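Q: I have a structure here, written as structure tokens, and I will follow up with some questions on it.
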Amino acid sequence: MKYFLLLFFFPTCLFAQNQQLSIVPAPVILVQRDGAFVINDQTNIDISLHSKSLQSAATFFRNAIKEISGLNLPIHSENSVDKNAKQTIALLLIKDSSIGLEGYHLNVSSKGIQIKANTQAGIIYGIQTLLQTLPAVQTNAALSVPCMEVTDFPRFKWRGMHLDVSRHFFGPNLIKQYLDLLAAYKFNTFHWHLVDDQGWRIQIKKYPALTNTGAWRVDHTNTVWGSRPQAKEGEAPTYGGYYTQAQIKEIIAYASARNITIVPEIEMPGHVASAIASYPFLSCTQQKQLPLTGGNYTNMASNYCAGNDSVFHFLENVLTEVIDLFPSQYIHIGGDEVDKSSWKKCAKCQLRIRSEKLKDEDELQSYFIKRIEQFVSSKKRKIIGWDEILEGGLAPGATVMSWRGEAGGIAAAKMNHDVVMTPGNPVYFDHYQGDPASEPVAIGGFNTLKKVYYYEPLPKELTTQEAKHVLGAQANLWTEYVTTPKQVEYMVLPRMLALSEVLWSPSSAKDWNGFNERLQQHFKGFDQKGLNYSKGNFKVDIKPILKEGKLYATLSTEAYKGQVYYTTNGEKPSIQSHLYEGPVAINSSLTIKASTVVNNEVKSVIPAEQQFALHKAIGKKVNYTNPISRYYMADGPNSLTDGIKGTTAINQFWHGISAKDLIAVIDLEEEKNIQLLSLGCLQNYNDWIMMPEWVKFEVSLDGVHFTEIKTVANTVSTSDKAAQIKNFTTSFTSMKARYVKVTAKVLDQLPKGHSGEGKPAWIFADEFIVE
């Protein structure tokens, strides 16, 4: 508590006065002094008081200095004290409860440097802060460290980054580079997704087929991931790879030297086509499988058989080897997206349900997870899994990783289970971070640097006591569309820097402009190191606002020192167009086009474009019979009447509903003459979003008795894969109405040949226009 006042004043006084210090994540307390300490060939690293405990940290620091300068600083331990040394960097272990297990004190004067901490972890973080003041690559320039005093400690225990190496395999060198990036920005957890349908990436000596067969696949690289066909019998694998246990041990040691714990993920009971292709007895059918491929697995077994004890013996043997390799307290067991239809047809699974007195297949999944947890617990470890492990009942000691929004994490915390927050919005780093028109192809979504920076891992729904179960958060990088090391770099940089500040720095210190200013120095370092990173999101964000019943548009850009220029006449914006200086009044239906300009240069490859529809239902309340999905709430419950029309991008302005009809009623608040009703809908075949079969429009004077105006049939083919919008519209002779109702009939079954064949579709609807 003694730092409270300093924390409170942090945003306004720290970096404004110390522009040359660009430390990320921002320290809790930083005071810059005049002068500097110069590291040269007379400098030594002193660990004489803690030579055994800090040898690893000292070696890490010496290697880092050697890499950027060529200097090989001597390490003075208790057996090699240089009493005449004048240029000393001292690493000291202390006892200070105020900074916790990972905090540190850094004191730089012109005469020397001291880094003090309770643990080696804190020493490492102090070193990382110091290194951010030095050149990024090898140089002959003086290594000058500004004089300063830093007191620093993290906000959250779990500060994680994830990498999927199943969809695409990345060798040990990339993994080490990834760990270096994590360490530089004070992440302490690497979630290594080693197993999935498309590849088994970890050597298990007892089961060699897991890597001889399961690590290799037929890879149709010329086809978009989600459309890649099933392999044919006899097709030869063309792509793959795995990590030997020797390589894994080396990587674990490399991570440990940087205070990073590696949490391995061994998927179960679903997403395991790679294991079943290797050992068919693990599935419910026990039939030989086709060769693995990238993309979808509609015709292959991808779940373990929950009724077969041999499956559990197999997994116990696998997990024994995994636990013997990884010192992590946690073992991630997946648990997500289990298609339980195979269990419903399996005699062994149904017998298990009856013999264990389980209610259904959800409880069978819970039985599976609990049985695995008992085994992992017997090895003195803990399980962690995706939020689906809540289904059917949560295993007693399980920790939940909440990815489908935060609802699963909130539920688990209220049950007194620990939680790691990793919601798709905004910390899935496989989503676009800038304008898709100028970005490498990604899986979808739109998680920009600013969205990541303003993420708050503690949900408001939790009490102070419940919030203590939120260990922290992490970002996930799934690699369906990430195929090379350079793409890995691009997708995490610079978003991981924003997340590092979310997880380390005080929440009261959030300052987007200050962070953006500091980020520019890190960009220079990325350039010097040859790292591939996103230069920024230049897409203009166009949003509607209502003021006193009148519609306006706000335009904003995340770009550093960016300005917005816009038009309303259909022309492409230039620096001769309108400069945005405040909300734009919408006095008629129109289209705004807007571009980001930096240093008088238009940066937007394609202008942002948004249609506004001025009509009689603007701002009016919408009541739904069936709830809108919490994942697709657009800009709130009244998105259908906000005056802004959706585009073919699914992430903005669309209300989404799955497996149920969209039924909405708008109260116009008074009787009005109307003569046109229209509902915009989206079809995006690959994302299971299909046009409704039909849309029915009705009107009423009392909100109870409705009269049908017209039912408009769909004309877009269910096999049409192009992303497109259809406006279901009817016009009629003017009549009075206070209430208008729309019903959009969901497509009950996705068409034959679709990856979700036979399952219900999503409806995505945008503006409900009343004229």
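Naming works like this for the structure tokens: A, B, ... for the chains as they're shown, residue 1 at the start of each chain, ligands 1 onward in shown order.
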Could you pull out the alpha helix (DSSP H) residues of segment 261-485 of chain A, going by DSSP on the backbone, and write them as a VMD selection string?

A: chain A and resid 273 to 278 309 to 325 341 to 345 347 to 355 361 to 378 407 to 414 424 to 427 449 to 453 464 to 467 485

Q: So which residues touch segment 572-585 of chain A within 7 Å, counting only C-alpha atoms, skipping near sequence neighbours fewer than 6 positions away, as JSON, numbers by chain?

A: {"A": [551, 552, 553, 554, 564, 565, 566, 593, 594, 595, 600, 602, 607]}

Q: Which residue, A:Ser629, A:Ser302, A:Gln230, A:Gln132, has the smallest gap to Ser341 of chain A when you use only C-alpha atoms?

A: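 Of A:Ser629, A:Ser302, A:Gln230, A:Gln132, the one nearest Ser341 of chain A is A:Ser302, counting only C-alpha atoms.
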
Q: What's around segment 491-506 of chain A at 7 Å? Count only C-alpha atoms, leave out sequence neighbours fewer than 4 positions away in its own chain, and write the answer as a list of chain:residue names.

A: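 Contacts, in chain order: A:Val24, A:Pro25, A:Ala26, A:Pro27, A:Val28, A:Pro154, A:Arg155, A:Phe156, A:Arg159, A:Tyr185, A:Lys186, A:Phe187, A:Phe429, A:Asp430, A:Leu449, A:Val452, A:Tyr453, A:Tyr455, A:Gly472, A:Gln487, A:Tyr533, A:Ser534.
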
Q: Could you pull out the strand (DSSP E or B) residues of segment 212-364 of chain A, going by DSSP on the backbone, and write them as an mmCIF file with all heavy atoms, in the first residue's frame?

A:
data_model
loop_
_atom_site.group_PDB
_atom_site.id
_atom_site.type_symbol
_atom_site.label_atom_id
_atom_site.label_comp_id
_atom_site.auth_asym_id
_atom_site.auth_seq_id
_atom_site.Cartn_x
_atom_site.Cartn_y
_atom_site.Cartn_z
ATOM 1 N N TRP A 216 2.655 -36.675 -39.354
ATOM 2 C CA TRP A 216 2.804 -36.425 -40.789
ATOM 3 C C TRP A 216 1.439 -36.439 -41.458
ATOM 4 O O TRP A 216 0.546 -37.180 -41.058
ATOM 5 C CB TRP A 216 3.727 -37.477 -41.406
ATOM 6 C CG TRP A 216 5.031 -37.515 -40.680
ATOM 7 C CD1 TRP A 216 5.365 -38.313 -39.617
ATOM 8 C CD2 TRP A 216 6.151 -36.667 -40.900
ATOM 9 N NE1 TRP A 216 6.632 -38.025 -39.171
ATOM 10 C CE2 TRP A 216 7.152 -37.026 -39.947
ATOM 11 C CE3 TRP A 216 6.426 -35.658 -41.821
ATOM 12 C CZ2 TRP A 216 8.380 -36.389 -39.891
ATOM 13 C CZ3 TRP A 216 7.659 -35.031 -41.770
ATOM 14 C CH2 TRP A 216 8.617 -35.399 -40.809
ATOM 15 N N ARG A 217 1.288 -35.635 -42.500
ATOM 16 C CA ARG A 217 -0.004 -35.546 -43.155
ATOM 17 C C ARG A 217 0.132 -35.208 -44.640
ATOM 18 O O ARG A 217 1.164 -34.717 -45.106
ATOM 19 C CB ARG A 217 -0.878 -34.486 -42.482
ATOM 20 C CG ARG A 217 -0.404 -33.043 -42.649
ATOM 21 C CD ARG A 217 -1.422 -32.064 -42.079
ATOM 22 N NE ARG A 217 -1.067 -30.683 -42.319
ATOM 23 C CZ ARG A 217 -0.744 -29.805 -41.368
ATOM 24 N NH1 ARG A 217 -0.732 -30.181 -40.109
ATOM 25 N NH2 ARG A 217 -0.454 -28.549 -41.673
ATOM 26 N N VAL A 218 -0.948 -35.472 -45.361
ATOM 27 C CA VAL A 218 -1.106 -35.011 -46.734
ATOM 28 C C VAL A 218 -1.555 -33.557 -46.656
ATOM 29 O O VAL A 218 -2.601 -33.267 -46.081
ATOM 30 C CB VAL A 218 -2.162 -35.859 -47.478
ATOM 31 C CG1 VAL A 218 -2.363 -35.335 -48.898
ATOM 32 C CG2 VAL A 218 -1.758 -37.331 -47.479
ATOM 33 N N TYR A 239 3.976 -33.524 -45.321
ATOM 34 C CA TYR A 239 4.295 -32.431 -44.387
ATOM 35 C C TYR A 239 4.274 -32.966 -42.961
ATOM 36 O O TYR A 239 3.438 -33.800 -42.617
ATOM 37 C CB TYR A 239 3.259 -31.309 -44.525
ATOM 38 C CG TYR A 239 3.465 -30.143 -43.573
ATOM 39 C CD1 TYR A 239 4.267 -29.066 -43.926
ATOM 40 C CD2 TYR A 239 2.883 -30.139 -42.312
ATOM 41 C CE1 TYR A 239 4.466 -28.001 -43.058
ATOM 42 C CE2 TYR A 239 3.078 -29.082 -41.435
ATOM 43 C CZ TYR A 239 3.867 -28.016 -41.809
ATOM 44 O OH TYR A 239 4.074 -26.978 -40.940
ATOM 45 N N GLY A 240 5.183 -32.445 -42.112
ATOM 46 C CA GLY A 240 5.129 -32.844 -40.706
ATOM 47 C C GLY A 240 6.377 -32.509 -39.936
ATOM 48 O O GLY A 240 7.219 -31.720 -40.372
ATOM 49 N N TYR A 243 9.005 -32.926 -32.093
ATOM 50 C CA TYR A 243 10.126 -32.630 -31.206
ATOM 51 C C TYR A 243 10.530 -33.909 -30.490
ATOM 52 O O TYR A 243 9.688 -34.598 -29.887
ATOM 53 C CB TYR A 243 9.743 -31.569 -30.173
ATOM 54 C CG TYR A 243 9.158 -30.320 -30.781
ATOM 55 C CD1 TYR A 243 7.770 -30.148 -30.852
ATOM 56 C CD2 TYR A 243 9.968 -29.318 -31.304
ATOM 57 C CE1 TYR A 243 7.216 -29.017 -31.412
ATOM 58 C CE2 TYR A 243 9.424 -28.178 -31.874
ATOM 59 C CZ TYR A 243 8.037 -28.032 -31.925
ATOM 60 O OH TYR A 243 7.485 -26.910 -32.499
ATOM 61 N N THR A 261 7.821 -20.830 -17.612
ATOM 62 C CA THR A 261 7.330 -22.188 -17.425
ATOM 63 C C THR A 261 6.598 -22.619 -18.689
ATOM 64 O O THR A 261 5.755 -21.880 -19.201
ATOM 65 C CB THR A 261 6.365 -22.262 -16.227
ATOM 66 O OG1 THR A 261 7.069 -21.900 -15.041
ATOM 67 C CG2 THR A 261 5.794 -23.667 -16.071
ATOM 68 N N ILE A 262 6.931 -23.803 -19.181
ATOM 69 C CA ILE A 262 6.241 -24.329 -20.361
ATOM 70 C C ILE A 262 5.131 -25.263 -19.906
ATOM 71 O O ILE A 262 5.374 -26.241 -19.190
ATOM 72 C CB ILE A 262 7.202 -25.074 -21.297
ATOM 73 C CG1 ILE A 262 8.303 -24.128 -21.792
ATOM 74 C CG2 ILE A 262 6.427 -25.668 -22.475
ATOM 75 C CD1 ILE A 262 9.306 -24.777 -22.725
ATOM 76 N N VAL A 263 3.903 -24.931 -20.302
ATOM 77 C CA VAL A 263 2.750 -25.773 -20.004
ATOM 78 C C VAL A 263 2.410 -26.554 -21.264
ATOM 79 O O VAL A 263 1.968 -25.970 -22.261
ATOM 80 C CB VAL A 263 1.541 -24.926 -19.556
ATOM 81 C CG1 VAL A 263 0.312 -25.808 -19.344
ATOM 82 C CG2 VAL A 263 1.872 -24.169 -18.263
ATOM 83 N N PRO A 264 2.617 -27.876 -21.267
ATOM 84 C CA PRO A 264 2.316 -28.662 -22.470
ATOM 85 C C PRO A 264 0.830 -28.950 -22.566
ATOM 86 O O PRO A 264 0.160 -29.175 -21.556
ATOM 87 C CB PRO A 264 3.099 -29.950 -22.235
ATOM 88 C CG PRO A 264 3.087 -30.117 -20.735
ATOM 89 C CD PRO A 264 3.141 -28.714 -20.167
ATOM 90 N N GLU A 265 0.292 -28.928 -23.783
ATOM 91 C CA GLU A 265 -1.102 -29.319 -23.972
ATOM 92 C C GLU A 265 -1.168 -30.635 -24.734
ATOM 93 O O GLU A 265 -0.675 -30.741 -25.868
ATOM 94 C CB GLU A 265 -1.896 -28.256 -24.726
ATOM 95 C CG GLU A 265 -3.361 -28.664 -24.874
ATOM 96 C CD GLU A 265 -4.235 -27.617 -25.533
ATOM 97 O OE1 GLU A 265 -3.733 -26.519 -25.824
ATOM 98 O OE2 GLU A 265 -5.432 -27.908 -25.755
ATOM 99 N N ILE A 266 -1.775 -31.624 -24.112
ATOM 100 C CA ILE A 266 -2.026 -32.932 -24.714
ATOM 101 C C ILE A 266 -3.544 -33.061 -24.829
ATOM 102 O O ILE A 266 -4.222 -33.360 -23.849
ATOM 103 C CB ILE A 266 -1.429 -34.079 -23.864
ATOM 104 C CG1 ILE A 266 0.038 -33.790 -23.534
ATOM 105 C CG2 ILE A 266 -1.608 -35.409 -24.577
ATOM 106 C CD1 ILE A 266 0.951 -33.698 -24.749
ATOM 107 N N GLU A 267 -4.078 -32.783 -26.010
ATOM 108 C CA GLU A 267 -5.532 -32.720 -26.204
ATOM 109 C C GLU A 267 -6.239 -34.034 -25.862
ATOM 110 O O GLU A 267 -5.722 -35.110 -26.132
ATOM 111 C CB GLU A 267 -5.843 -32.364 -27.659
ATOM 112 C CG GLU A 267 -5.931 -30.879 -27.925
ATOM 113 C CD GLU A 267 -7.297 -30.289 -27.614
ATOM 114 O OE1 GLU A 267 -8.125 -30.973 -26.983
ATOM 115 O OE2 GLU A 267 -7.530 -29.135 -28.012
ATOM 116 N N MET A 268 -7.429 -33.906 -25.298
ATOM 117 C CA MET A 268 -8.333 -35.024 -25.035
ATOM 118 C C MET A 268 -9.661 -34.462 -24.548
ATOM 119 O O MET A 268 -9.697 -33.357 -24.040
ATOM 120 C CB MET A 268 -7.731 -35.972 -23.986
ATOM 121 C CG MET A 268 -7.495 -35.326 -22.607
ATOM 122 S SD MET A 268 -6.679 -36.394 -21.436
ATOM 123 C CE MET A 268 -4.963 -36.276 -21.977
ATOM 124 N N THR A 293 -4.714 -35.085 -42.891
ATOM 125 C CA THR A 293 -4.617 -33.956 -43.807
ATOM 126 C C THR A 293 -4.825 -32.682 -43.013
ATOM 127 O O THR A 293 -5.121 -32.721 -41.813
ATOM 128 C CB THR A 293 -5.654 -34.078 -44.949
ATOM 129 O OG1 THR A 293 -5.447 -32.996 -45.859
ATOM 130 C CG2 THR A 293 -7.062 -34.001 -44.418
ATOM 131 N N TYR A 330 1.252 -27.365 -14.042
ATOM 132 C CA TYR A 330 0.028 -27.617 -14.798
ATOM 133 C C TYR A 330 0.310 -28.474 -16.031
ATOM 134 O O TYR A 330 1.312 -28.278 -16.729
ATOM 135 C CB TYR A 330 -0.608 -26.298 -15.265
ATOM 136 C CG TYR A 330 -1.176 -25.460 -14.152
ATOM 137 C CD1 TYR A 330 -0.437 -24.424 -13.588
ATOM 138 C CD2 TYR A 330 -2.458 -25.694 -13.668
ATOM 139 C CE1 TYR A 330 -0.962 -23.640 -12.568
ATOM 140 C CE2 TYR A 330 -2.994 -24.917 -12.651
ATOM 141 C CZ TYR A 330 -2.231 -23.899 -12.105
ATOM 142 O OH TYR A 330 -2.759 -23.129 -11.101
ATOM 143 N N ILE A 331 -0.622 -29.380 -16.309
ATOM 144 C CA ILE A 331 -0.671 -30.103 -17.568
ATOM 145 C C ILE A 331 -1.999 -29.751 -18.223
ATOM 146 O O ILE A 331 -3.059 -29.951 -17.630
ATOM 147 C CB ILE A 331 -0.572 -31.637 -17.363
ATOM 148 C CG1 ILE A 331 0.697 -32.001 -16.573
ATOM 149 C CG2 ILE A 331 -0.625 -32.352 -18.711
ATOM 150 C CD1 ILE A 331 1.993 -31.657 -17.277
ATOM 151 N N HIS A 332 -1.929 -29.211 -19.443
ATOM 152 C CA HIS A 332 -3.155 -28.813 -20.142
ATOM 153 C C HIS A 332 -3.715 -30.025 -20.875
ATOM 154 O O HIS A 332 -3.009 -30.663 -21.668
ATOM 155 C CB HIS A 332 -2.842 -27.691 -21.137
ATOM 156 C CG HIS A 332 -4.025 -26.861 -21.503
ATOM 157 N ND1 HIS A 332 -5.140 -27.392 -22.123
ATOM 158 C CD2 HIS A 332 -4.284 -25.532 -21.343
ATOM 159 C CE1 HIS A 332 -6.025 -26.421 -22.332
ATOM 160 N NE2 HIS A 332 -5.531 -25.281 -21.864
ATOM 161 N N ILE A 333 -4.979 -30.343 -20.622
ATOM 162 C CA ILE A 333 -5.576 -31.542 -21.210
ATOM 163 C C ILE A 333 -6.637 -31.193 -22.266
ATOM 164 O O ILE A 333 -7.421 -32.067 -22.666
ATOM 165 C CB ILE A 333 -6.143 -32.485 -20.116
ATOM 166 C CG1 ILE A 333 -7.049 -31.757 -19.107
ATOM 167 C CG2 ILE A 333 -4.987 -33.142 -19.361
ATOM 168 C CD1 ILE A 333 -8.444 -31.552 -19.543
ATOM 169 N N GLY A 334 -6.678 -29.950 -22.729
ATOM 170 C CA GLY A 334 -7.605 -29.571 -23.798
ATOM 171 C C GLY A 334 -9.041 -29.592 -23.317
ATOM 172 O O GLY A 334 -9.451 -28.785 -22.501
#

Q: Excluding Ala64 of chain A and its own-chain neighbours fewer than 2 positions away, which residues fall within 12 Å of it when counting only C-alpha atoms? Please give them as an MDAnalysis selection string.

A: chainID A and resid 57:62 66:73 124 127:128 130:132 134:138 180 184 258

Q: Rank nothing, just name the residue among A:Phe523, A:Trp478, A:Phe768, A:Trp225 nearest to Tyr560 of chain A, using only C-alpha atoms.

A: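 Once distances to Tyr560 of chain A are computed over only C-alpha atoms, the minimum belongs to A:Phe523.
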
Q: List the spatial neighbours of Gly646 of chain A as an MDAnalysis selection string - criterion: any atom at most 8 Å away, only C-alpha atoms, same-chain residues fewer than 6 positions off excluded.

A: chainID A and resid 652:654 680 766:767

Q: Using only C-alpha atoms, which of the listed residues (A:Asn118, A:Gln55, A:Thr733, A:Gln247) sits closest to Ile175 of chain A?

A: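 Looking at the shortest contact to Ile175 of chain A, the residue is A:Gln247.
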
Q: What's the 10 Å shell around Lys205 of chain A, counting only C-alpha atoms, without same-chain residues fewer than 4 positions away, as a VMD selection string?

A: chain A and resid 209 to 211 244 to 245 317 to 318 321

Q: Excluding Glu361 of chain A and its own-chain neighbours fewer than 2 positions away, which residues fall within 12 Å of it when counting only C-alpha atoms? Please give them as a PyMOL selection string.

A: chain A and resi 305-307+338-346+349-354+356-359+363-368+391-393

Q: Just to be explicit: take each residue in the selection above, keep N, CA and C atoms, and write the result as a compact mmCIF listing (two decimals), in the first residue's frame.

A:
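Contents of out_27.txt, as written:
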# COMPACT_ATOMS: atom_id res chain seq x y z
N CYS A 305 -12.42 -43.00 -27.33
CA CYS A 305 -13.58 -43.73 -26.84
C CYS A 305 -13.59 -43.67 -25.32
N ALA A 306 -14.61 -43.04 -24.76
CA ALA A 306 -14.68 -42.86 -23.30
C ALA A 306 -15.13 -44.13 -22.58
N GLY A 307 -15.56 -45.12 -23.33
CA GLY A 307 -16.00 -46.37 -22.71
C GLY A 307 -14.94 -47.46 -22.71
N VAL A 338 -15.65 -31.07 -28.22
CA VAL A 338 -15.82 -32.52 -28.36
C VAL A 338 -17.14 -32.81 -29.07
N ASP A 339 -17.07 -33.44 -30.23
CA ASP A 339 -18.28 -33.86 -30.94
C ASP A 339 -18.72 -35.21 -30.36
N LYS A 340 -19.75 -35.16 -29.53
CA LYS A 340 -20.13 -36.35 -28.77
C LYS A 340 -21.04 -37.31 -29.54
N SER A 341 -21.24 -37.03 -30.85
CA SER A 341 -22.13 -37.90 -31.62
C SER A 341 -21.60 -39.32 -31.71
N SER A 342 -20.27 -39.49 -31.75
CA SER A 342 -19.71 -40.86 -31.80
C SER A 342 -19.98 -41.60 -30.49
N TRP A 343 -19.98 -40.89 -29.37
CA TRP A 343 -20.28 -41.52 -28.08
C TRP A 343 -21.73 -41.99 -28.01
N LYS A 344 -22.62 -41.23 -28.66
CA LYS A 344 -24.04 -41.59 -28.63
C LYS A 344 -24.29 -42.91 -29.37
N LYS A 345 -23.43 -43.21 -30.36
CA LYS A 345 -23.60 -44.42 -31.16
C LYS A 345 -22.77 -45.60 -30.64
N CYS A 346 -21.92 -45.35 -29.66
CA CYS A 346 -20.93 -46.35 -29.21
C CYS A 346 -21.50 -47.17 -28.05
N CYS A 349 -19.44 -46.69 -24.82
CA CYS A 349 -19.69 -45.41 -24.16
C CYS A 349 -21.06 -45.41 -23.47
N GLN A 350 -22.05 -45.99 -24.12
CA GLN A 350 -23.37 -46.05 -23.50
C GLN A 350 -23.38 -46.95 -22.28
N LEU A 351 -22.61 -48.04 -22.33
CA LEU A 351 -22.47 -48.90 -21.15
C LEU A 351 -21.80 -48.14 -20.01
N ARG A 352 -20.80 -47.33 -20.34
CA ARG A 352 -20.12 -46.53 -19.31
C ARG A 352 -21.11 -45.56 -18.67
N ILE A 353 -21.95 -44.93 -19.46
CA ILE A 353 -22.95 -44.00 -18.92
C ILE A 353 -23.87 -44.71 -17.94
N ARG A 354 -24.30 -45.92 -18.30
CA ARG A 354 -25.21 -46.66 -17.41
C ARG A 354 -24.50 -47.15 -16.16
N GLU A 356 -21.83 -46.04 -14.68
CA GLU A 356 -21.36 -44.97 -13.80
C GLU A 356 -22.51 -44.06 -13.37
N LYS A 357 -23.75 -44.45 -13.79
CA LYS A 357 -24.96 -43.68 -13.44
C LYS A 357 -24.84 -42.21 -13.87
N LEU A 358 -24.38 -42.05 -15.10
CA LEU A 358 -24.25 -40.71 -15.66
C LEU A 358 -25.54 -40.34 -16.39
N LYS A 359 -25.81 -39.06 -16.49
CA LYS A 359 -27.06 -38.60 -17.08
C LYS A 359 -27.00 -38.60 -18.60
N GLU A 363 -22.03 -35.54 -19.10
CA GLU A 363 -21.49 -36.11 -17.86
C GLU A 363 -20.44 -37.18 -18.16
N LEU A 364 -20.54 -37.82 -19.33
CA LEU A 364 -19.49 -38.76 -19.73
C LEU A 364 -18.18 -38.02 -19.96
N GLN A 365 -18.26 -36.83 -20.57
CA GLN A 365 -17.04 -36.03 -20.73
C GLN A 365 -16.48 -35.64 -19.37
N SER A 366 -17.37 -35.25 -18.45
CA SER A 366 -16.92 -34.91 -17.10
C SER A 366 -16.24 -36.10 -16.44
N TYR A 367 -16.83 -37.30 -16.60
CA TYR A 367 -16.21 -38.53 -16.07
C TYR A 367 -14.81 -38.70 -16.64
N PHE A 368 -14.67 -38.49 -17.95
CA PHE A 368 -13.38 -38.64 -18.62
C PHE A 368 -12.35 -37.69 -18.01
N GLU A 391 -18.59 -28.58 -18.72
CA GLU A 391 -19.80 -29.30 -19.12
C GLU A 391 -19.92 -30.63 -18.39
N GLY A 392 -21.06 -30.84 -17.77
CA GLY A 392 -21.30 -32.08 -17.05
C GLY A 392 -20.74 -32.11 -15.64
N GLY A 393 -20.06 -31.04 -15.25
CA GLY A 393 -19.50 -30.99 -13.89
C GLY A 393 -17.99 -30.88 -13.94

Q: Output as JSON lines one row per residue of segment 122-216 of chain A within 10 Å of segment 93-109 of chain A: the closest atom pair and its distance in Å to one decimal place, counting only C-alpha atoms, sorted by chain and residue number ascending.

A:
{"residue": "A:Gly122", "atom": "CA", "partner": "A:Glu102", "partner_atom": "CA", "distance": 4.3}
{"residue": "A:Ile123", "atom": "CA", "partner": "A:Tyr104", "partner_atom": "CA", "distance": 6.4}
{"residue": "A:Ile124", "atom": "CA", "partner": "A:Glu102", "partner_atom": "CA", "distance": 8.8}
{"residue": "A:Tyr125", "atom": "CA", "partner": "A:Tyr104", "partner_atom": "CA", "distance": 7.2}
{"residue": "A:Gly126", "atom": "CA", "partner": "A:Tyr104", "partner_atom": "CA", "distance": 5.9}
{"residue": "A:Ile127", "atom": "CA", "partner": "A:Leu106", "partner_atom": "CA", "distance": 8.6}
{"residue": "A:Thr129", "atom": "CA", "partner": "A:Leu106", "partner_atom": "CA", "distance": 8.5}
{"residue": "A:Leu130", "atom": "CA", "partner": "A:Leu106", "partner_atom": "CA", "distance": 8.2}
{"residue": "A:Val145", "atom": "CA", "partner": "A:Val108", "partner_atom": "CA", "distance": 7.5}
{"residue": "A:Pro146", "atom": "CA", "partner": "A:Val108", "partner_atom": "CA", "distance": 7.1}
{"residue": "A:Cys147", "atom": "CA", "partner": "A:Val108", "partner_atom": "CA", "distance": 4.7}
{"residue": "A:Met148", "atom": "CA", "partner": "A:Val108", "partner_atom": "CA", "distance": 5.2}
{"residue": "A:Glu149", "atom": "CA", "partner": "A:Asn107", "partner_atom": "CA", "distance": 4.6}
{"residue": "A:Val150", "atom": "CA", "partner": "A:Leu106", "partner_atom": "CA", "distance": 4.9}
{"residue": "A:Thr151", "atom": "CA", "partner": "A:His105", "partner_atom": "CA", "distance": 4.7}
{"residue": "A:Asp152", "atom": "CA", "partner": "A:Gly103", "partner_atom": "CA", "distance": 5.4}
{"residue": "A:Phe153", "atom": "CA", "partner": "A:Gly103", "partner_atom": "CA", "distance": 3.8}
{"residue": "A:Pro154", "atom": "CA", "partner": "A:Gly103", "partner_atom": "CA", "distance": 6.7}
{"residue": "A:Arg155", "atom": "CA", "partner": "A:Gly103", "partner_atom": "CA", "distance": 10.0}
{"residue": "A:Lys157", "atom": "CA", "partner": "A:Glu102", "partner_atom": "CA", "distance": 8.9}
{"residue": "A:Lys186", "atom": "CA", "partner": "A:Glu102", "partner_atom": "CA", "distance": 9.7}
{"residue": "A:Asn188", "atom": "CA", "partner": "A:Glu102", "partner_atom": "CA", "distance": 9.7}

Q: Determine the nearest neighbour of Trp688 of chain A from the options A:Tyr631, A:Trp762, A:Tyr428, A:Tyr454, counting only C-alpha atoms.

A: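 Smallest distance to Trp688 of chain A is found for A:Trp762.
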